[in-house]
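To start, the structure under review is shown below, and the notes come after it.
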Amino acid sequence: MNPPDAAVSATSNPANKGQHGRRLRQRCVANRWFYFLLAPFFLLFFIFGLYPLLFSLYLSFLRWDALSPATWVGLSNFAALAQDELFFVSLKNTLLLGLYHIPPMMLLAFVFAVLLDRQCLKLKGLWRAAVFFPAITPMVVIAIVFSLLFGAELGLVNYLWWRAAAVVGVEAGVLPWLQSESWSKVTVSLLLVWRWTGYNMVIMLAGLQGIDRSLYEAAEVDGATRLQRLTQVTMPLMRPTFLFVFVMSMIGTVYMFDEVFVLTKGGPGVSSTNVGLFLFDEGFGAFRFGYASAAGYSVAAGLFLATLLVLKMGRKDHTA
Amino acid sequence: MSSLGKWLAIVGLSAIVVVITWLPQLLASKSPAGGPVVEVWAWNTAADSLNALASSYTQRTSDVHIDVIRNGTDMQTRFLLSLAGGVGAPDVCQLQEREVGKFTESGRLMDLTDYAARYGPDFAPAAWANCQFDSKTLAIPWDLGPCAVFYKRWVFDRYGVDPDTIETWDDFIAAGKQIHEASGGQTHMMSLSSGDLSEFFQILMQQAGGSVFNDRGEIAMDVPGNQRALEVMRALLDSGTTAQLEWMEKLSSFNSDAVACYPMAVWFGQYIKDYAPDTAGEWGVFRLPALEPGGLRTSNLGGSVLVIPDQGDERKQAWDYVEYVTCVAESQVRQYRDYGLFPAYLPALTDPYFDEPDPFFGGQRVHRLFSADIEKVRPLTRTKDWAEAERYLRQTLSTWAAGMDHQRYLAESADALGRKLGRPVAAGASDPRGVTE
């Protein structure tokens, strides 16, 4: 099986065009097994990836509940979205959830990565697996454990809180982790930090291990302290990794679904409803597929712009 | 690899894919007896119950095989997609009462009027009304969720509260205060967390004759029944005797003194039995407190129906099975006795089983207690938008609970739902059916 030849640059000379076409055909025939074996991926991608993507774009201009005939409504789904209070609440919640959990999660992931990168650490594999474990634990199990831990009346966290307060001699009230609109985002954020720190730690560890060790040796020769090596060598070289983790976490927060769905179902009220849950509720709860598609595309457009902005800022800082 | 080898590899791989894809269907499409197969979708206990009845049904009609497929909770989405695609739907599907309107209005379900109309008077009016659309019967009620209060005898006895003296919600609150004070604030009367608000509102709303939609499909939230329901909820919240338990906490509270009782539907009893088997015999049930002395002492929460999509080849056999499950007293009693699914078919309630004591509830005749007055629960107009209206209530009642005025909440809810669902808001705060208590 031969790999495909490098693409031949197009030529504007009409006399060469026929020859060029012949060569292309010959290469296609010569590499037919390559294309044949690649075909299943593209076939599946077109059917289950590209087609739904384009169909949902078309859907965003329709009113359709999957059972009645669809009707063309133009831009009215987008107009309704602009007036939908819940949509903006879900955007605000998403932003706050991101603010609450991404910075501490990145900090913890970096700290764990630095610790695990140390040569002297014993049982590295065990520690790495332990920190990574929450990322592969089934979400339903996590939700059950968290709802029992953070229960207002019978939860372990509040019990420890009351015990601690009693030791100090203070009467502590109930902390409504899951019952209060002000607290629910904090509880979801704690879950997110716990669940995703290990995953991001692995990415950061890969970033750390990609740094040339000779740079540290050079810094050491120049008399740099351990802190200086961290701030002057590690941090600047980790910037692309930080940027990657930040962007992926940002996208993950917007489309996050299972964590919120199983822990709070977006409540109390709508206090922890993020964009992912909003889209699910509109699409598969209310069967408003056109409206959900319009919301999905609007969010995707906003997210695309935000990502570009973040990447541009990251690059600008890097080159400054 | 030689050319022949490549072709053999491709043919071999293709054959494996075809076998993996089609074999289960090929195997499933024939009954062991070679007769027609009726595919049924249901979940959890409901699926177990249908499976148990399938065996006895097959013994009666030896050539039909019932294949009960146990689905997850997202079954209605898959059912919707199979109806929308016109292919892949089962022959019989379970639906929750709250979502049935969406499907009956779809025009994709078999019209059962000719077969089922004669059974209409045999079902609880509220359940039967929910299965009708456009003068057609499109679903058959399967089980109901009559409500009462599950209580811990040991807690009531310890604090000297006699459940027989609790007739109204005012009495209930007074008893709650007595328990809460006597226990030094350790035991709450019931849980009314933000997650409980929507379900509890629906219990009280039906008891008080409230509504979300009127008979014309208009939004009718701002009605006296709903105001009364909110008044009771406010009184309970203000009494300081309610706990804030989420679902998992509630299940674990069965074994402790944190909460004294649970006003809930009949199916909740099965959870108590499953999660607190060691407390058998120490529980009791008393009737739902009335809104005023002599008022209705029951309500409904939950319940489900069976439907037959109009795309299947085995519709006649499907109806035959549905009829056996829903319109035969013996089947309905068996489902209640073995799986806790309370009969929607009223003749089943005359079965001697309903007078038998339940050892788990201290030998009390709880089955008869739950069956009392269920025919008096008023039918609700649910429409295809019920599930979305319910979602709205779940999302907004915690804002009301934080201190919003009833009238303002109901008026704002009516407007918001009208805008969201594209339905007119009924004029004036009148009862939706013009009926007064």
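Convention: chains lettered A, B, ... in structure tokens order; per-chain residue numbering from 1; ligands numbered from 1 as shown.
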
Test item: chain A residues at most 6 Å from chain B, counting only C-alpha atoms, as a count of residues only: 6

Nearby residues (only C-alpha atoms) at most 10 Å from range 101-106 of chain A, same-chain spacing under 3 positions excluded, as an NGL selection string: :A and (96-98 or 109-112 or 185-186 or 188-198 or 200-201 or 204 or 242 or 245-246 or 249-250 or 253)

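The coordinates place CA of Gln311 in chain B at 7.0 Å from CA of Val87 in chain B.
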
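Here CA of Pro36 in chain B and CA of Gly312 in chain B stand 11.5 Å from one another.
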
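When DSSP reads the backbone of this structure, the residues of range 8-228 of chain A it assigns to strand (DSSP E or B) are A:Leu62, A:Arg63, A:Thr71, A:Trp72.
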
What does the file look like for those residues with C-alpha atoms, as a PDB file, in the first residue's frame?
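That gives us again-v4.pdb:
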```pdb
ATOM      1  CA  LEU A  62     -37.769  26.071  10.914  1.00  0.00           C
ATOM      2  CA  ARG A  63     -40.371  25.402  13.550  1.00  0.00           C
ATOM      3  CA  THR A  71     -42.727  25.249   8.847  1.00  0.00           C
ATOM      4  CA  TRP A  72     -40.246  27.820   7.582  1.00  0.00           C
TER       5      TRP A  72
END
```

Selection: 10 Å around Val68 in chain B, only C-alpha atoms, excl. self and same-chain fewer than 5 positions, as a VMD selection string: chain B and resid 38 to 43 47 to 52 54 90 92 to 93

Near-Ile140 in chain B list (9 Å; only C-alpha atoms; drop same-chain fewer than 6 positions) as an MDAnalysis selection string: chainID B and resid 112 116 127:128 131 304:307 322:323 326:327
